[in-house]
$ cat final_35.pdb   # PDB, C-alpha atoms, pLDDT in the B column
ATOM      1  CA  MET A   1      -3.167  -6.756  17.043  1.00 91.00           C
ATOM      2  CA  LYS A   2      -1.833  -5.026  13.961  1.00 95.00           C
ATOM      3  CA  ALA A   3      -2.687  -5.877  10.388  1.00 96.00           C
ATOM      4  CA  ARG A   4      -1.917  -4.545   6.960  1.00 96.00           C
ATOM      5  CA  VAL A   5      -4.423  -4.691   4.122  1.00 97.00           C
ATOM      6  CA  LEU A   6      -3.116  -4.301   0.575  1.00 97.00           C
ATOM      7  CA  VAL A   7      -5.643  -3.365  -2.087  1.00 98.00           C
ATOM      8  CA  THR A   8      -4.441  -3.532  -5.679  1.00 96.00           C
ATOM      9  CA  LEU A   9      -6.100  -3.468  -9.072  1.00 97.00           C
ATOM     10  CA  LYS A  10      -6.629  -6.906 -10.576  1.00 97.00           C
ATOM     11  CA  THR A  11      -3.984  -7.712 -13.170  1.00 94.00           C
ATOM     12  CA  ALA A  12      -6.508  -7.678 -16.021  1.00 95.00           C
ATOM     13  CA  VAL A  13      -7.513  -4.086 -15.159  1.00 96.00           C
ATOM     14  CA  LEU A  14      -5.650  -1.187 -16.779  1.00 96.00           C
ATOM     15  CA  ASP A  15      -3.838   1.113 -14.320  1.00 96.00           C
ATOM     16  CA  PRO A  16      -3.559   4.611 -15.870  1.00 96.00           C
ATOM     17  CA  GLN A  17      -2.101   6.029 -12.628  1.00 96.00           C
ATOM     18  CA  GLY A  18       0.722   3.502 -12.744  1.00 96.00           C
ATOM     19  CA  LYS A  19       1.349   4.318 -16.420  1.00 97.00           C
ATOM     20  CA  ALA A  20       1.521   8.028 -15.560  1.00 97.00           C
ATOM     21  CA  ILE A  21       4.081   7.291 -12.837  1.00 97.00           C
ATOM     22  CA  GLU A  22       6.195   5.287 -15.310  1.00 96.00           C
ATOM     23  CA  GLY A  23       6.204   8.257 -17.688  1.00 96.00           C
ATOM     24  CA  ALA A  24       6.934  10.757 -14.930  1.00 97.00           C
ATOM     25  CA  LEU A  25       9.856   8.703 -13.627  1.00 96.00           C
ATOM     26  CA  ARG A  26      11.344   8.457 -17.106  1.00 96.00           C
ATOM     27  CA  SER A  27      11.082  12.228 -17.622  1.00 96.00           C
ATOM     28  CA  LEU A  28      12.637  12.779 -14.172  1.00 96.00           C
ATOM     29  CA  GLY A  29      15.643  10.738 -15.259  1.00 95.00           C
ATOM     30  CA  VAL A  30      14.963   7.623 -13.216  1.00 95.00           C
ATOM     31  CA  HIS A  31      15.804   4.765 -15.543  1.00 93.00           C
ATOM     32  CA  GLY A  32      15.526   1.010 -15.197  1.00 92.00           C
ATOM     33  CA  ILE A  33      11.873   0.957 -14.120  1.00 94.00           C
ATOM     34  CA  GLY A  34       9.878  -1.560 -16.121  1.00 92.00           C
ATOM     35  CA  SER A  35       6.321  -1.171 -14.940  1.00 95.00           C
ATOM     36  CA  VAL A  36       4.491   0.402 -12.014  1.00 96.00           C
ATOM     37  CA  ARG A  37       1.105  -0.439 -10.550  1.00 96.00           C
ATOM     38  CA  GLN A  38      -0.352   1.615  -7.764  1.00 96.00           C
ATOM     39  CA  GLY A  39      -2.511   0.385  -4.938  1.00 97.00           C
ATOM     40  CA  LYS A  40      -3.607   1.296  -1.439  1.00 97.00           C
ATOM     41  CA  VAL A  41      -2.344   0.113   1.903  1.00 97.00           C
ATOM     42  CA  PHE A  42      -4.245   0.259   5.180  1.00 97.00           C
ATOM     43  CA  ASP A  43      -2.422  -0.108   8.485  1.00 96.00           C
ATOM     44  CA  ILE A  44      -5.085  -1.273  10.872  1.00 97.00           C
ATOM     45  CA  GLU A  45      -4.994  -1.689  14.626  1.00 96.00           C
ATOM     46  CA  LEU A  46      -7.510  -4.248  15.895  1.00 94.00           C
ATOM     47  CA  ASP A  47      -9.035  -4.758  19.333  1.00 91.00           C
ATOM     48  CA  GLN A  48      -9.217  -8.536  18.829  1.00 87.00           C
ATOM     49  CA  THR A  49      -6.353 -10.774  19.844  1.00 89.00           C
ATOM     50  CA  ASP A  50      -7.706 -13.861  18.090  1.00 92.00           C
ATOM     51  CA  GLN A  51      -6.279 -14.039  14.573  1.00 92.00           C
ATOM     52  CA  THR A  52      -9.211 -15.951  13.033  1.00 94.00           C
ATOM     53  CA  LYS A  53     -11.731 -13.428  14.356  1.00 94.00           C
ATOM     54  CA  ALA A  54      -9.517 -10.525  13.317  1.00 94.00           C
ATOM     55  CA  GLU A  55      -9.256 -11.933   9.804  1.00 95.00           C
ATOM     56  CA  ALA A  56     -13.050 -12.246   9.601  1.00 95.00           C
ATOM     57  CA  THR A  57     -13.431  -8.607  10.700  1.00 95.00           C
ATOM     58  CA  LEU A  58     -10.897  -7.418   8.127  1.00 97.00           C
ATOM     59  CA  LYS A  59     -12.494  -9.467   5.353  1.00 97.00           C
ATOM     60  CA  ASP A  60     -15.804  -7.848   6.231  1.00 96.00           C
ATOM     61  CA  ALA A  61     -14.185  -4.385   6.157  1.00 96.00           C
ATOM     62  CA  CYS A  62     -12.597  -5.085   2.766  1.00 97.00           C
ATOM     63  CA  GLU A  63     -15.784  -6.383   1.174  1.00 96.00           C
ATOM     64  CA  LYS A  64     -17.888  -3.530   2.541  1.00 96.00           C
ATOM     65  CA  LEU A  65     -15.581  -0.542   2.182  1.00 97.00           C
ATOM     66  CA  LEU A  66     -11.866  -0.884   1.538  1.00 97.00           C
ATOM     67  CA  ALA A  67     -11.850  -2.695  -1.802  1.00 97.00           C
ATOM     68  CA  ASN A  68     -14.023  -2.562  -4.896  1.00 97.00           C
ATOM     69  CA  THR A  69     -13.993  -6.295  -5.465  1.00 96.00           C
ATOM     70  CA  VAL A  70     -15.147  -5.927  -9.074  1.00 97.00           C
ATOM     71  CA  ILE A  71     -11.804  -4.476 -10.126  1.00 97.00           C
ATOM     72  CA  GLU A  72      -9.591  -4.785  -7.034  1.00 97.00           C
ATOM     73  CA  SER A  73      -8.198  -7.637  -5.036  1.00 97.00           C
ATOM     74  CA  TYR A  74      -7.083  -7.441  -1.417  1.00 97.00           C
ATOM     75  CA  ARG A  75      -4.583  -9.220   0.757  1.00 96.00           C
ATOM     76  CA  ILE A  76      -4.534  -9.309   4.528  1.00 97.00           C
ATOM     77  CA  GLU A  77      -1.216  -9.595   6.360  1.00 95.00           C
ATOM     78  CA  PHE A  78      -0.681  -9.691  10.088  1.00 95.00           C
ATOM     79  CA  VAL A  79       2.177  -7.660  11.485  1.00 90.00           C
ATOM     80  CA  SER A  80       3.730  -9.049  14.647  1.00 76.00           C
TER      81      SER A  80
ATOM     82  CA  MET B   1      13.202  -8.079 -10.349  1.00 91.00           C
ATOM     83  CA  LYS B   2      10.044  -7.129  -8.470  1.00 95.00           C
ATOM     84  CA  ALA B   3       9.820  -4.660  -5.631  1.00 96.00           C
ATOM     85  CA  ARG B   4       7.124  -3.140  -3.486  1.00 96.00           C
ATOM     86  CA  VAL B   5       7.319   0.407  -2.196  1.00 97.00           C
ATOM     87  CA  LEU B   6       5.115   1.347   0.741  1.00 97.00           C
ATOM     88  CA  VAL B   7       4.506   5.051   1.321  1.00 98.00           C
ATOM     89  CA  THR B   8       2.785   5.980   4.574  1.00 96.00           C
ATOM     90  CA  LEU B   9       2.218   9.196   6.476  1.00 97.00           C
ATOM     91  CA  LYS B  10       4.714   9.750   9.296  1.00 97.00           C
ATOM     92  CA  THR B  11       3.216   8.827  12.671  1.00 94.00           C
ATOM     93  CA  ALA B  12       3.261  12.446  13.851  1.00 95.00           C
ATOM     94  CA  VAL B  13       1.120  13.531  10.879  1.00 96.00           C
ATOM     95  CA  LEU B  14      -2.668  13.495  11.206  1.00 96.00           C
ATOM     96  CA  ASP B  15      -4.450  11.147   8.779  1.00 96.00           C
ATOM     97  CA  PRO B  16      -7.984  12.457   8.128  1.00 96.00           C
ATOM     98  CA  GLN B  17      -8.608   9.797   5.467  1.00 96.00           C
ATOM     99  CA  GLY B  18      -7.856   7.067   7.976  1.00 96.00           C
ATOM    100  CA  LYS B  19     -10.168   8.707  10.528  1.00 97.00           C
ATOM    101  CA  ALA B  20     -12.949   8.862   7.917  1.00 97.00           C
ATOM    102  CA  ILE B  21     -12.491   5.132   7.217  1.00 97.00           C
ATOM    103  CA  GLU B  22     -12.710   4.360  10.954  1.00 96.00           C
ATOM    104  CA  GLY B  23     -16.008   6.253  11.133  1.00 96.00           C
ATOM    105  CA  ALA B  24     -17.373   4.668   7.964  1.00 97.00           C
ATOM    106  CA  LEU B  25     -16.534   1.158   9.170  1.00 96.00           C
ATOM    107  CA  ARG B  26     -18.284   1.816  12.479  1.00 96.00           C
ATOM    108  CA  SER B  27     -21.416   3.048  10.724  1.00 96.00           C
ATOM    109  CA  LEU B  28     -21.315   0.021   8.402  1.00 96.00           C
ATOM    110  CA  GLY B  29     -21.393  -2.244  11.440  1.00 95.00           C
ATOM    111  CA  VAL B  30     -17.796  -3.445  11.325  1.00 95.00           C
ATOM    112  CA  HIS B  31     -16.699  -3.442  14.949  1.00 93.00           C
ATOM    113  CA  GLY B  32     -13.377  -4.154  16.639  1.00 92.00           C
ATOM    114  CA  ILE B  33     -11.303  -1.792  14.506  1.00 94.00           C
ATOM    115  CA  GLY B  34      -9.092   0.419  16.643  1.00 92.00           C
ATOM    116  CA  SER B  35      -7.386   2.743  14.221  1.00 95.00           C
ATOM    117  CA  VAL B  36      -6.770   2.963  10.496  1.00 96.00           C
ATOM    118  CA  ARG B  37      -4.010   4.749   8.610  1.00 96.00           C
ATOM    119  CA  GLN B  38      -4.019   4.833   4.841  1.00 96.00           C
ATOM    120  CA  GLY B  39      -0.999   4.813   2.591  1.00 97.00           C
ATOM    121  CA  LYS B  40       0.030   3.975  -0.948  1.00 97.00           C
ATOM    122  CA  VAL B  41       1.663   0.899  -2.360  1.00 97.00           C
ATOM    123  CA  PHE B  42       3.597   0.688  -5.612  1.00 97.00           C
ATOM    124  CA  ASP B  43       4.298  -2.663  -7.224  1.00 96.00           C
ATOM    125  CA  ILE B  44       7.323  -2.034  -9.381  1.00 97.00           C
ATOM    126  CA  GLU B  45       9.012  -4.230 -11.952  1.00 96.00           C
ATOM    127  CA  LEU B  46      12.690  -3.401 -12.432  1.00 94.00           C
ATOM    128  CA  ASP B  47      15.046  -4.128 -15.300  1.00 91.00           C
ATOM    129  CA  GLN B  48      18.018  -4.473 -12.938  1.00 87.00           C
ATOM    130  CA  THR B  49      18.946  -7.796 -11.430  1.00 89.00           C
ATOM    131  CA  ASP B  50      21.416  -6.369  -8.925  1.00 92.00           C
ATOM    132  CA  GLN B  51      19.615  -5.649  -5.645  1.00 92.00           C
ATOM    133  CA  THR B  52      21.916  -2.811  -4.539  1.00 94.00           C
ATOM    134  CA  LYS B  53      21.482  -0.970  -7.833  1.00 94.00           C
ATOM    135  CA  ALA B  54      17.738  -1.631  -7.816  1.00 94.00           C
ATOM    136  CA  GLU B  55      17.487  -0.222  -4.300  1.00 95.00           C
ATOM    137  CA  ALA B  56      19.351   2.923  -5.372  1.00 95.00           C
ATOM    138  CA  THR B  57      16.965   3.367  -8.330  1.00 95.00           C
ATOM    139  CA  LEU B  58      13.921   2.939  -6.106  1.00 97.00           C
ATOM    140  CA  LYS B  59      15.278   5.347  -3.480  1.00 97.00           C
ATOM    141  CA  ASP B  60      15.772   7.887  -6.243  1.00 96.00           C
ATOM    142  CA  ALA B  61      12.195   7.315  -7.480  1.00 96.00           C
ATOM    143  CA  CYS B  62      10.801   7.715  -3.959  1.00 97.00           C
ATOM    144  CA  GLU B  63      12.696  10.922  -3.219  1.00 96.00           C
ATOM    145  CA  LYS B  64      11.824  12.463  -6.586  1.00 96.00           C
ATOM    146  CA  LEU B  65       8.234  11.383  -7.089  1.00 97.00           C
ATOM    147  CA  LEU B  66       6.606   8.653  -5.049  1.00 97.00           C
ATOM    148  CA  ALA B  67       6.853  10.085  -1.545  1.00 97.00           C
ATOM    149  CA  ASN B  68       6.563  13.557  -0.096  1.00 97.00           C
ATOM    150  CA  THR B  69       9.396  13.092   2.400  1.00 96.00           C
ATOM    151  CA  VAL B  70       8.268  16.073   4.484  1.00 97.00           C
ATOM    152  CA  ILE B  71       5.201  14.205   5.724  1.00 97.00           C
ATOM    153  CA  GLU B  72       5.607  10.677   4.378  1.00 97.00           C
ATOM    154  CA  SER B  73       8.046   7.868   4.934  1.00 97.00           C
ATOM    155  CA  TYR B  74       8.714   5.037   2.514  1.00 97.00           C
ATOM    156  CA  ARG B  75       9.831   1.449   2.756  1.00 96.00           C
ATOM    157  CA  ILE B  76      11.287  -0.663  -0.020  1.00 97.00           C
ATOM    158  CA  GLU B  77      10.692  -4.423  -0.020  1.00 95.00           C
ATOM    159  CA  PHE B  78      11.909  -6.903  -2.590  1.00 95.00           C
ATOM    160  CA  VAL B  79       9.499  -9.578  -3.693  1.00 90.00           C
ATOM    161  CA  SER B  80      11.126 -12.819  -4.739  1.00 76.00           C
TER     162      SER B  80
END
$ encode --input "final_35.pdb" --output "structure tokens"
Amino acid sequence: MKARVLVTLKTAVLDPQGKAIEGALRSLGVHGIGSVRQGKVFDIELDQTDQTKAEATLKDACEKLLANTVIESYRIEFVS
Amino acid sequence: MKARVLVTLKTAVLDPQGKAIEGALRSLGVHGIGSVRQGKVFDIELDQTDQTKAEATLKDACEKLLANTVIESYRIEFVS
């Protein structure tokens, strides 16, 4: 079973990396970009075939390692 | 218009960060994870409303800055 975990900064948290990308794009001549926020994506292959169990495993992984839940939020998506 | 750009290492390219995460999860007691590959996600707000033009802008941004096309591939998704 394949899953994708998206970890992004919470909207209230400033994203200096995203701001830097906005500036860099402008100076590279790419116009029409309003705002950029950067996050992380994890493509995960799971041994489980049961979606409920897989989701529990991924939640555990996110809370323990993949996301800093103080400033980041995560979303789990299953890829068929 | 909102878009999401996913930048991931090409499958042929080794991902040491992903391997480190696999090991860390195992030692944290999270079992049932087969493999992990890490990538980047960019949540981008665009001024354009025309999807074709927006896609061209994003492709330009990816080729110039967001992705290293030698080792990474990118995917553009529009978020409604």
$ closest_residue --input "final_35.pdb" --among "A:Lys40, A:Lys53, A:Arg75, A:Lys64" --to "chain B" --atoms "all atoms listed in the file"
A:Lys40
$ closest_atom_pairs --input "final_35.pdb" --of "chain B" --to "chain A" --cutoff "6 Å" --atoms "all atoms listed in the file" --output "tab-separated table"
residue	atom	partner	partner_atom	distance
B:Gly32	CA	A:Asp47	CA	5.1
B:Ile33	CA	A:Leu46	CA	4.7
B:Gly34	CA	A:Leu46	CA	5.0
B:Ser35	CA	A:Glu45	CA	5.1
B:Val36	CA	A:Ile44	CA	4.6
B:Arg37	CA	A:Asp43	CA	5.1
B:Gln38	CA	A:Phe42	CA	4.6
B:Gly39	CA	A:Val41	CA	4.9
B:Lys40	CA	A:Lys40	CA	4.5
B:Val41	CA	A:Gly39	CA	4.9
B:Phe42	CA	A:Gln38	CA	4.6
B:Asp43	CA	A:Arg37	CA	5.1
B:Ile44	CA	A:Val36	CA	4.6
B:Glu45	CA	A:Gly34	CA	5.0
B:Leu46	CA	A:Ile33	CA	4.7
B:Asp47	CA	A:Gly32	CA	5.2
$ residues_near_point --input "final_35.pdb" --point "(11.5, 10.0, 5.0)" --cutoff "10 Å" --atoms "all atoms listed in the file" --output "PyMOL selection string"
chain B and resi 7-10+62-63+67-75
$ atom_distance --input "final_35.pdb" --atom1 "atom CA of A:Glu55" --atom2 "atom CA of A:Val79"
12.3 Å
$ atom_distance --input "final_35.pdb" --atom1 "atom CA of A:Asp50" --atom2 "atom CA of B:Gln17"
26.8 Å
$ atom_distance --input "final_35.pdb" --atom1 "atom CA of A:Asp15" --atom2 "atom CA of B:Phe78"
21.2 Å
$ axis_aligned_box --input "final_35.pdb" --around "stretch 40-46 of chain B" --padding-each-side "4 Å" --output "lines of an AutoDock Vina configuration file"
center_x = 6.4
center_y = -0.1
center_z = -6.7
size_x = 20.7
size_y = 16.2
size_z = 19.5
